[in-house]
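The file start-v5.tsv contains TSV, C-alpha atoms and all ligand atoms:
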chain	number	residue	atom	x	y	z
A	1	VAL	CA	-0.08	-1.01	25.26
A	2	ARG	CA	-3.35	-2.88	25.65
A	3	GLU	CA	-4.39	-3.14	21.97
A	4	VAL	CA	-0.96	-4.48	21.01
A	5	ARG	CA	-0.91	-7.06	23.83
A	6	LYS	CA	-4.41	-8.21	22.87
A	7	ALA	CA	-3.34	-8.59	19.22
A	8	VAL	CA	-0.32	-10.70	20.24
A	9	GLU	CA	-2.56	-12.90	22.43
A	10	PHE	CA	-5.00	-13.48	19.57
A	11	LEU	CA	-2.20	-14.30	17.12
A	12	GLU	CA	-0.50	-16.68	19.58
A	13	GLY	CA	-3.78	-18.30	20.58
A	14	SER	CA	-4.92	-19.30	17.09
A	15	ASP	CA	-3.63	-22.10	14.85
A	16	ASP	CA	-5.88	-21.16	11.94
A	17	ILE	CA	-5.25	-17.57	10.89
A	18	CYS	CA	-6.31	-16.00	7.59
A	19	VAL	CA	-4.37	-12.90	6.55
A	20	ILE	CA	-6.00	-10.44	4.13
A	21	ALA	CA	-3.33	-8.04	2.89
A	22	ASP	CA	-3.00	-5.15	0.47
A	23	ILE	CA	-1.15	-6.06	-2.76
A	24	ASP	CA	1.68	-3.52	-2.39
A	25	ALA	CA	5.12	-4.08	-0.83
A	26	ASP	CA	3.80	-3.07	2.60
A	27	GLY	CA	0.93	-5.57	2.51
A	28	VAL	CA	3.06	-8.36	1.02
A	29	ALA	CA	5.93	-7.84	3.50
A	30	GLY	CA	3.48	-7.74	6.42
A	31	ALA	CA	1.77	-10.93	5.25
A	32	ALA	CA	5.14	-12.68	4.75
A	33	THR	CA	6.19	-11.69	8.28
A	34	LEU	CA	2.99	-12.91	9.93
A	35	ARG	CA	3.09	-16.16	7.94
A	36	GLU	CA	6.67	-16.80	9.05
A	37	ALA	CA	5.96	-16.06	12.71
A	38	PHE	CA	2.45	-17.40	13.36
A	39	ASP	CA	0.13	-20.24	12.27
A	40	VAL	CA	-1.22	-18.60	9.13
A	41	SER	CA	-3.20	-21.07	6.99
A	42	GLU	CA	-4.14	-18.73	4.15
A	43	VAL	CA	-3.19	-15.34	2.70
A	44	LEU	CA	-5.72	-13.49	0.53
A	45	PHE	CA	-5.31	-10.35	-1.60
A	46	PRO	CA	-8.16	-8.13	-2.91
A	47	PRO	CA	-8.67	-9.12	-6.58
A	48	GLY	CA	-7.99	-7.24	-9.81
A	49	GLY	CA	-6.39	-4.08	-8.47
A	50	MET	CA	-9.22	-3.37	-6.04
A	51	TYR	CA	-8.32	-1.40	-2.92
A	52	GLY	CA	-9.95	-2.47	0.36
A	53	VAL	CA	-11.34	-5.78	1.59
A	54	PRO	CA	-14.39	-6.89	-0.45
A	55	PRO	CA	-17.24	-7.81	1.96
A	56	ASP	CA	-17.65	-11.29	0.44
A	57	MET	CA	-13.93	-12.01	0.90
A	58	MET	CA	-14.22	-10.99	4.55
A	59	GLU	CA	-17.26	-13.21	5.12
A	60	GLU	CA	-15.65	-16.20	3.41
A	61	ALA	CA	-12.44	-15.77	5.44
A	62	LEU	CA	-14.43	-15.68	8.69
A	63	ARG	CA	-16.41	-18.77	7.62
A	64	SER	CA	-13.27	-20.80	6.86
A	65	HIS	CA	-10.85	-19.64	9.58
A	66	ASP	CA	-10.72	-18.96	13.32
A	67	LEU	CA	-9.03	-15.57	13.13
A	68	VAL	CA	-8.79	-13.00	10.31
A	69	VAL	CA	-5.98	-10.43	10.33
A	70	THR	CA	-6.17	-7.50	7.89
A	71	VAL	CA	-2.75	-6.07	6.98
A	72	ASP	CA	-2.36	-2.58	5.49
A	73	LEU	CA	-6.16	-2.76	5.12
A	74	SER	CA	-9.14	-2.55	7.44
A	75	PRO	CA	-12.34	-4.66	7.31
A	76	PRO	CA	-15.32	-3.33	5.34
A	77	ALA	CA	-18.11	-1.56	7.23
A	78	GLY	CA	-20.65	-3.94	8.71
A	79	CYS	CA	-18.12	-6.77	8.98
A	80	PRO	CA	-19.71	-9.71	10.83
A	81	GLU	CA	-18.01	-11.08	13.98
A	82	PRO	CA	-15.48	-8.29	14.58
A	83	ASP	CA	-14.43	-10.19	17.73
A	84	ARG	CA	-12.54	-12.64	15.46
A	85	VAL	CA	-10.72	-9.90	13.55
A	86	VAL	CA	-7.39	-8.20	14.25
A	87	ILE	CA	-6.52	-5.03	12.31
A	88	VAL	CA	-2.88	-4.23	11.47
A	89	ASP	CA	-3.12	-1.00	9.50
A	90	HIS	CA	-1.79	2.54	9.39
A	91	HIS	CA	-4.42	4.30	7.29
A	92	PRO	CA	-6.80	6.77	8.94
A	93	PRO	CA	-9.86	4.63	9.74
A	94	ASP	CA	-13.32	5.40	8.35
A	95	GLY	CA	-15.13	5.94	11.65
A	96	GLU	CA	-14.60	3.79	14.73
A	97	PRO	CA	-12.86	0.52	13.73
A	98	ARG	CA	-14.52	-2.56	15.20
A	99	ALA	CA	-12.21	-5.53	15.91
A	100	ALA	CA	-10.87	-7.68	18.73
A	101	ALA	CA	-7.67	-5.62	18.54
A	102	VAL	CA	-6.74	-2.60	16.44
A	103	VAL	CA	-3.01	-2.09	15.83
A	104	ASN	CA	-3.12	1.25	14.06
A	105	PRO	CA	-1.12	4.38	14.99
A	106	HIS	CA	-4.26	6.48	14.34
A	107	VAL	CA	-5.97	4.52	17.14
A	108	VAL	CA	-2.86	3.91	19.30
A	109	PRO	CA	-0.81	7.10	18.87
A	110	THR	CA	2.11	5.82	20.98
A	111	LEU	CA	3.03	3.52	18.07
A	112	GLY	CA	4.21	6.61	16.15
A	113	ASP	CA	4.76	6.62	12.38
A	114	ALA	CA	4.86	3.04	11.12
A	115	SER	CA	4.15	0.97	8.03
A	116	ALA	CA	1.73	-1.94	8.43
A	117	SER	CA	4.59	-4.37	7.78
A	118	ALA	CA	6.67	-2.86	10.60
A	119	LEU	CA	3.66	-3.26	12.91
A	120	ALA	CA	3.47	-6.93	11.85
A	121	GLY	CA	7.19	-7.27	12.64
A	122	MET	CA	6.59	-5.71	16.05
A	123	LEU	CA	3.85	-8.29	16.82
A	124	ALA	CA	6.14	-11.18	15.79
A	125	HIS	CA	8.95	-9.69	17.86
A	126	LEU	CA	6.77	-9.22	20.96
A	127	ALA	CA	5.52	-12.82	20.65
A	128	GLY	CA	9.16	-13.95	20.64
A	129	ARG	CA	8.71	-15.68	17.26
A	130	ARG	CA	11.43	-16.24	14.69
A	131	PHE	CA	11.27	-14.11	11.55
A	132	ARG	CA	13.74	-12.50	9.15
A	133	PRO	CA	13.81	-8.88	10.38
A	134	TRP	CA	14.61	-7.40	6.95
A	135	VAL	CA	11.26	-8.63	5.57
A	136	PRO	CA	8.98	-6.17	7.44
A	137	LEU	CA	11.41	-3.34	6.63
A	138	VAL	CA	10.81	-3.88	2.91
A	139	GLY	CA	7.25	-2.64	3.42
A	140	ALA	CA	8.44	0.36	5.41
A	141	PHE	CA	10.70	1.41	2.52
A	142	GLY	CA	7.98	0.63	-0.03
A	143	ASP	CA	5.62	3.03	1.75
A	144	ASN	CA	8.31	5.68	2.29
A	145	MET	CA	7.77	5.12	6.01
A	146	ALA	CA	11.27	4.12	7.08
A	147	ARG	CA	10.96	6.04	10.33
A	148	GLY	CA	9.32	5.94	13.75
A	149	PRO	CA	10.04	3.92	16.91
A	150	VAL	CA	8.82	0.56	15.54
A	151	PHE	CA	11.02	0.85	12.44
A	152	GLU	CA	14.02	1.93	14.51
A	153	THR	CA	13.65	-1.08	16.82
A	154	LEU	CA	13.41	-3.57	13.94
A	155	LYS	CA	16.33	-1.89	12.16
A	156	GLY	CA	18.59	-2.91	15.03
A	157	GLY	CA	18.26	-6.56	13.99
A	158	VAL	CA	19.11	-6.05	10.32
A	159	ASP	CA	22.46	-6.34	8.53
A	160	PRO	CA	23.50	-2.66	8.05
A	161	VAL	CA	24.66	-3.49	4.51
A	162	TYR	CA	20.98	-3.82	3.53
A	163	LEU	CA	20.37	-0.20	4.51
A	164	ARG	CA	23.40	1.32	2.80
A	165	GLY	CA	22.37	3.60	-0.07
A	166	GLY	CA	22.17	7.32	-0.52
A	167	HIS	CA	23.71	9.59	-3.19
A	168	GLY	CA	20.66	8.92	-5.35
A	169	ARG	CA	21.14	5.16	-5.09
A	170	LEU	CA	18.48	2.88	-3.63
A	171	ASN	CA	19.53	0.66	-0.76
A	172	LEU	CA	18.98	-3.09	-1.01
A	173	LEU	CA	15.61	-3.04	0.78
A	174	GLN	CA	14.30	-0.13	-1.32
A	175	ASN	CA	15.26	-2.17	-4.37
A	176	VAL	CA	13.39	-5.20	-3.03
A	177	ALA	CA	10.34	-3.00	-2.39
A	178	ALA	CA	10.46	-1.75	-6.01
A	179	HIS	CA	10.68	-5.38	-7.22
A	180	VAL	CA	7.67	-6.41	-5.12
A	181	ASN	CA	5.66	-3.36	-6.18
A	182	ALA	CA	6.50	-3.99	-9.85
A	183	ALA	CA	4.83	-7.40	-9.64
A	184	ARG	CA	1.49	-5.94	-8.61
A	185	ARG	CA	1.76	-3.05	-11.07
A	186	VAL	CA	1.87	-5.64	-13.87
A	187	MET	CA	-0.26	-8.48	-12.45
A	188	PHE	CA	-2.23	-7.03	-9.51
A	189	ASP	CA	-3.14	-9.71	-6.93
A	190	GLU	CA	-1.42	-12.45	-8.96
A	191	GLY	CA	1.77	-10.39	-8.81
A	192	ALA	CA	1.38	-9.94	-5.07
A	193	ARG	CA	0.94	-13.71	-4.70
A	194	ILE	CA	4.15	-14.40	-6.64
A	195	ALA	CA	6.04	-11.74	-4.66
A	196	LEU	CA	4.78	-13.24	-1.38
A	197	GLU	CA	6.14	-16.67	-2.32
A	198	VAL	CA	9.48	-15.21	-3.45
A	199	MET	CA	9.82	-13.19	-0.24
A	200	SER	CA	8.89	-16.20	1.86
A	201	GLU	CA	11.56	-18.37	0.21
A	202	ALA	CA	14.30	-15.75	0.18
A	203	GLU	CA	17.15	-16.06	2.66
A	204	THR	CA	18.49	-12.61	1.83
A	205	PRO	CA	17.19	-9.53	-0.04
A	206	LYS	CA	19.51	-10.51	-2.94
A	207	ASP	CA	17.43	-13.66	-3.49
A	208	VAL	CA	14.36	-11.47	-4.14
A	209	LEU	CA	16.28	-9.21	-6.54
A	210	GLU	CA	17.52	-12.23	-8.50
A	211	ASP	CA	14.06	-13.71	-9.02
A	212	PRO	CA	13.53	-13.79	-12.80
A	213	GLU	CA	9.78	-13.15	-12.74
A	214	LEU	CA	10.01	-10.11	-10.44
A	215	SER	CA	12.98	-8.80	-12.46
A	216	ARG	CA	10.92	-9.10	-15.65
A	217	CYS	CA	8.07	-7.12	-14.03
A	218	ARG	CA	10.52	-4.44	-12.92
A	219	MET	CA	11.83	-4.10	-16.48
A	220	GLU	CA	8.33	-3.95	-17.96
A	221	VAL	CA	7.28	-1.28	-15.48
A	222	ARG	CA	10.39	0.74	-16.30
A	223	ARG	CA	9.72	0.51	-20.05
A	224	GLU	CA	6.02	1.39	-19.67
A	225	THR	CA	6.82	4.34	-17.39
A	226	GLU	CA	9.28	5.77	-19.94
A	227	ARG	CA	6.74	5.33	-22.74
A	228	LEU	CA	4.05	7.15	-20.77
A	229	MET	CA	6.43	9.88	-19.58
A	230	SER	CA	7.30	10.70	-23.21
A	231	GLU	CA	3.59	11.14	-24.01
A	232	ALA	CA	2.11	12.57	-20.82
A	233	GLU	CA	1.07	16.21	-20.81
A	234	VAL	CA	0.21	17.92	-17.56
A	235	GLU	CA	-2.62	20.41	-17.85
A	236	ASP	CA	-2.25	23.24	-15.35
A	237	PHE	CA	-5.48	23.89	-13.44
A	238	GLY	CA	-4.02	26.75	-11.43
A	239	ALA	CA	-2.71	26.97	-7.88
A	240	GLY	CA	0.15	24.64	-8.84
A	241	CYS	CA	-2.21	21.72	-9.45
A	242	GLY	CA	-2.10	19.71	-12.66
A	243	LEU	CA	-3.71	16.70	-14.29
A	244	ALA	CA	-2.36	14.25	-16.89
A	245	THR	CA	-4.44	11.54	-18.56
A	246	VAL	CA	-2.83	8.29	-19.72
A	247	ALA	CA	-3.96	4.84	-20.84
A	248	SER	CA	-2.06	1.83	-19.54
A	249	GLY	CA	-2.89	-1.72	-18.50
A	250	PHE	CA	-0.22	-1.35	-15.82
A	251	ASP	CA	-0.83	0.24	-12.43
A	252	VAL	CA	1.81	2.94	-12.88
A	253	GLU	CA	-0.15	6.17	-12.33
A	254	GLY	CA	1.42	6.69	-8.90
A	255	ILE	CA	4.97	6.47	-10.30
A	256	LEU	CA	4.02	8.83	-13.13
A	257	ALA	CA	2.46	11.37	-10.77
A	258	LEU	CA	5.67	11.48	-8.71
A	259	ARG	CA	7.92	11.78	-11.79
A	260	LEU	CA	5.72	14.55	-13.26
A	261	LEU	CA	5.57	16.38	-9.92
A	262	ASP	CA	9.38	16.55	-9.90
A	263	ASP	CA	9.72	17.41	-13.61
A	264	GLU	CA	7.06	20.12	-13.71
A	265	GLY	CA	7.81	21.67	-10.33
A	266	MET	CA	4.13	21.62	-9.36
A	267	ARG	CA	2.58	21.34	-5.91
A	268	LEU	CA	0.20	18.54	-6.82
A	269	VAL	CA	-0.03	16.28	-9.85
A	270	ALA	CA	-2.97	13.99	-10.54
A	271	VAL	CA	-2.62	11.18	-13.10
A	272	TYR	CA	-5.80	9.66	-14.47
A	273	ASN	CA	-5.32	6.20	-15.99
A	274	GLU	CA	-8.40	5.70	-18.15
A	275	THR	CA	-7.73	1.99	-18.72
A	276	PRO	CA	-9.92	0.08	-16.23
A	277	LYS	CA	-8.26	-2.28	-13.74
A	278	PRO	CA	-9.27	-5.96	-13.98
A	279	CYS	CA	-11.80	-5.27	-11.17
A	280	GLY	CA	-13.58	-2.78	-13.46
A	281	TYR	CA	-12.65	0.49	-11.74
A	282	VAL	CA	-10.46	3.27	-13.08
A	283	LYS	CA	-8.05	5.24	-10.91
A	284	VAL	CA	-6.60	8.71	-10.41
A	285	SER	CA	-3.35	8.87	-8.39
A	286	PHE	CA	-2.11	12.01	-6.66
A	287	ARG	CA	1.33	13.04	-5.51
A	288	SER	CA	1.97	16.29	-3.67
A	289	ASP	CA	5.06	18.17	-2.50
A	290	GLY	CA	3.36	18.39	0.90
A	291	SER	CA	2.09	21.98	0.55
A	292	VAL	CA	-1.29	20.63	-0.66
A	293	ASP	CA	-3.03	17.76	1.13
A	294	ALA	CA	-3.40	15.08	-1.57
A	295	GLY	CA	-5.68	13.04	0.72
A	296	VAL	CA	-8.16	15.94	0.96
A	297	VAL	CA	-8.08	16.51	-2.82
A	298	ALA	CA	-8.65	12.77	-3.37
A	299	ARG	CA	-11.69	12.70	-1.08
A	300	GLU	CA	-13.13	15.83	-2.73
A	301	LEU	CA	-12.63	14.36	-6.20
A	302	ALA	CA	-14.09	11.03	-5.07
A	303	SER	CA	-17.32	12.73	-4.02
A	304	GLU	CA	-17.43	14.53	-7.41
A	305	LEU	CA	-16.93	11.25	-9.28
A	306	GLY	CA	-19.09	9.03	-7.09
A	307	GLY	CA	-16.08	6.89	-6.16
A	308	ARG	CA	-13.90	6.10	-3.18
A	309	GLY	CA	-10.79	8.03	-2.37
A	310	GLY	CA	-8.27	8.72	0.32
A	311	GLY	CA	-4.65	8.57	1.35
A	312	HIS	CA	-1.96	10.67	2.92
A	313	ARG	CA	-0.78	14.24	2.48
A	314	GLU	CA	1.88	13.27	-0.09
A	315	ALA	CA	0.13	10.36	-1.84
A	316	ALA	CA	-3.50	9.50	-2.47
A	317	ALA	CA	-5.84	7.86	-4.97
A	318	VAL	CA	-9.45	7.75	-6.15
A	319	TYR	CA	-11.24	4.69	-7.58
A	320	PHE	CA	-14.48	5.01	-9.54
A	321	GLU	CA	-16.62	3.47	-12.28
A	322	PRO	CA	-15.52	4.54	-15.79
A	323	GLY	CA	-17.57	7.32	-17.38
A	324	PRO	CA	-17.41	10.73	-15.66
A	325	ASP	CA	-15.49	13.71	-17.03
A	326	VAL	CA	-12.44	13.65	-14.73
A	327	SER	CA	-10.97	16.86	-16.08
A	328	GLU	CA	-14.13	18.85	-15.31
A	329	ALA	CA	-14.46	17.30	-11.86
A	330	PHE	CA	-10.81	18.07	-11.07
A	331	ARG	CA	-11.33	21.65	-12.29
A	332	ARG	CA	-14.28	22.05	-9.91
A	333	VAL	CA	-12.28	20.70	-6.95
A	334	VAL	CA	-9.30	22.98	-7.60
A	335	SER	CA	-11.41	26.09	-8.34
A	336	ARG	CA	-13.46	25.67	-5.14
A	337	ARG	CA	-10.22	26.12	-3.17
A	338	PRO	CA	-11.64	24.99	0.12
A	339	PRO	CA	-9.51	26.33	2.98
A	340	LYS	CA	-8.42	22.80	3.91
A	341	LEU	CA	-6.54	22.47	0.63
A	342	ASP	CA	-4.17	25.32	1.60
A	343	LEU	CA	-4.14	26.32	-2.05
B	401	MN	MN	0.88	0.73	3.79

What is this structure when it is put down as structure tokens?
Amino acid sequence: VREVRKAVEFLEGSDDICVIADIDADGVAGAATLREAFDVSEVLFPPGGMYGVPPDMMEEALRSHDLVVTVDLSPPAGCPEPDRVVIVDHHPPDGEPRAAAVVNPHVVPTLGDASASALAGMLAHLAGRRFRPWVPLVGAFGDNMARGPVFETLKGGVDPVYLRGGHGRLNLLQNVAAHVNAARRVMFDEGARIALEVMSEAETPKDVLEDPELSRCRMEVRRETERLMSEAEVEDFGAGCGLATVASGFDVEGILALRLLDDEGMRLVAVYNETPKPCGYVKVSFRSDGSVDAGVVARELASELGGRGGGHREAAAVYFEPGPDVSEAFRRVVSRRPPKLDL
């Protein structure tokens, strides 16, 4: 595949790579993999719970480094010098992505379903570099994307004990993903930074699970989730769609939406966390049972709220400036019932 070969050539040909990665387990695992395999001089994370690469971060990275690789993220529109950028992402791109190489299943369909971290593992593997193969799989489990040809290939190099779970129990790598995600739910980009260092030092997944700081975050997230679950009330807006409003300094609205979706037996649950993130935006997270496209609902709500939104069929989010009446906006989106929503 031409895009993949070009990406490998760029990564092998540079000794000054800057990685800009999303703060979740997929972004962190992808960054850890690239840093282990290639000459990565710096890893950056979008600040304060922001989603997407801020234009000034992109410009600064291009000024200071030869090659910039975005992981689980794509460059902002109007990015200067796209010929020094490689994209490793699996989100549907906004328009035609411009870069020296684009490793994204939406652009290269033969890649199949894959997390960004698994794509990073594939690049390291194709370059013949050494890396711990369980690391990119952490991101695949974190994104619920433990499937597809890239994942299956990487899985072959991993101790099967790490993948043993089932009967309602998480396997070792799912547990590591929850640890890594807990860090950013509590501390945003600082949490991602800590998790990256822990993952980079770890010889085995157990080493990540035994890290005291990540374990503390996991416990705090668990406690905060239980607190919010005991208070949260889902308002039914019809068509199996509901909204709950909470206030938390933690980024737990996605976990809550999933828990409430299961508990209430709804088709789609939106959770609005009215406490702003450190970056100043507030967020609504969506989880769907698959019969409603959460990504479509998120984009519709984003245009109502003047924010940015997107995601997949099962999981999506909207970011916006605090202020608008979210409940009214959500009511308008649900009552319009555009055919695309399948409501
Ligand atoms: Mn991802």

### Query
In terms of the shortest atom-to-atom distance over only C-alpha atoms, which of A:Val4, A:Arg98, A:Leu67, A:Glu321 is closest to Pro82 of chain A?
A:Arg98

### Task
Could you please extract the residues within 10 Å of ligand MN 401 (chain B), counting all atoms listed in the file, and hand them back as number ranges by chain?
A: 21-30, 71-73, 88-91, 114-118, 139-145, 311

### Task
Provide the atom CA of Ser215 of chain A to atom CA of Arg169 of chain A distance in Å, to one decimal place.
17.8 Å

#### Entry: Distance query Met57 of chain A at most 10 Å, all atoms listed in the file, self and fewer than 2 positions along chain excluded, as a list in words
Ile20, Leu44, Phe45, Pro46, Pro47, Val53, Pro54, Pro55, Glu59, Glu60, Ala61, Leu62, Arg63, Pro75 and Pro76 of chain A

#### Entry: A:Met50, A:Ala178, A:Val107, A:Ala192 ranked by distance to Arg308 of chain A, top pick (using all atoms listed in the file)
A:Met50

### Query
With only C-alpha atoms as the atoms that count, which of A:Ala100, A:Leu119, A:Met219, A:Ala317 lies nearest to Thr33 of chain A?
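Ranking A:Ala100, A:Leu119, A:Met219, A:Ala317 by distance to Thr33 of chain A, first place goes to A:Leu119.
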
### Query
Smallest atom-to-atom distance to Asn104 of chain A: which of A:Val284, A:Cys18, A:Leu137, A:Ala7, using all atoms listed in the file?
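Once distances to Asn104 of chain A are computed over all atoms listed in the file, the minimum belongs to A:Ala7.
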
### Query
Suppose you want the space between atom CA of Ala120 of chain A and atom CA of Ala31 of chain A; what is it in Å?
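If I compute the distance from atom CA of Ala120 of chain A to atom CA of Ala31 of chain A, I get 7.9 Å.
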
### Minimum-distance residue to Ala315 of chain A, chosen among A:Pro133, A:Pro105, A:Gly254, A:Gly112 (using only C-alpha atoms)
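With only C-alpha atoms as the atom set, the closest residue is A:Gly254.
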
### Task
Quote the spacing between atom CA of Val292 of chain A and atom CA of Arg313 of chain A in Å to one decimal place.
7.1 Å

### Message
Neighbouring residues of Glu9 of chain A were defined as those with any atom within 10 Å, considering only C-alpha atoms; residues of the same chain fewer than 6 positions away were excluded. Please report them as a PyMOL selection string.
### Response
chain A and resi 3+101+123+127
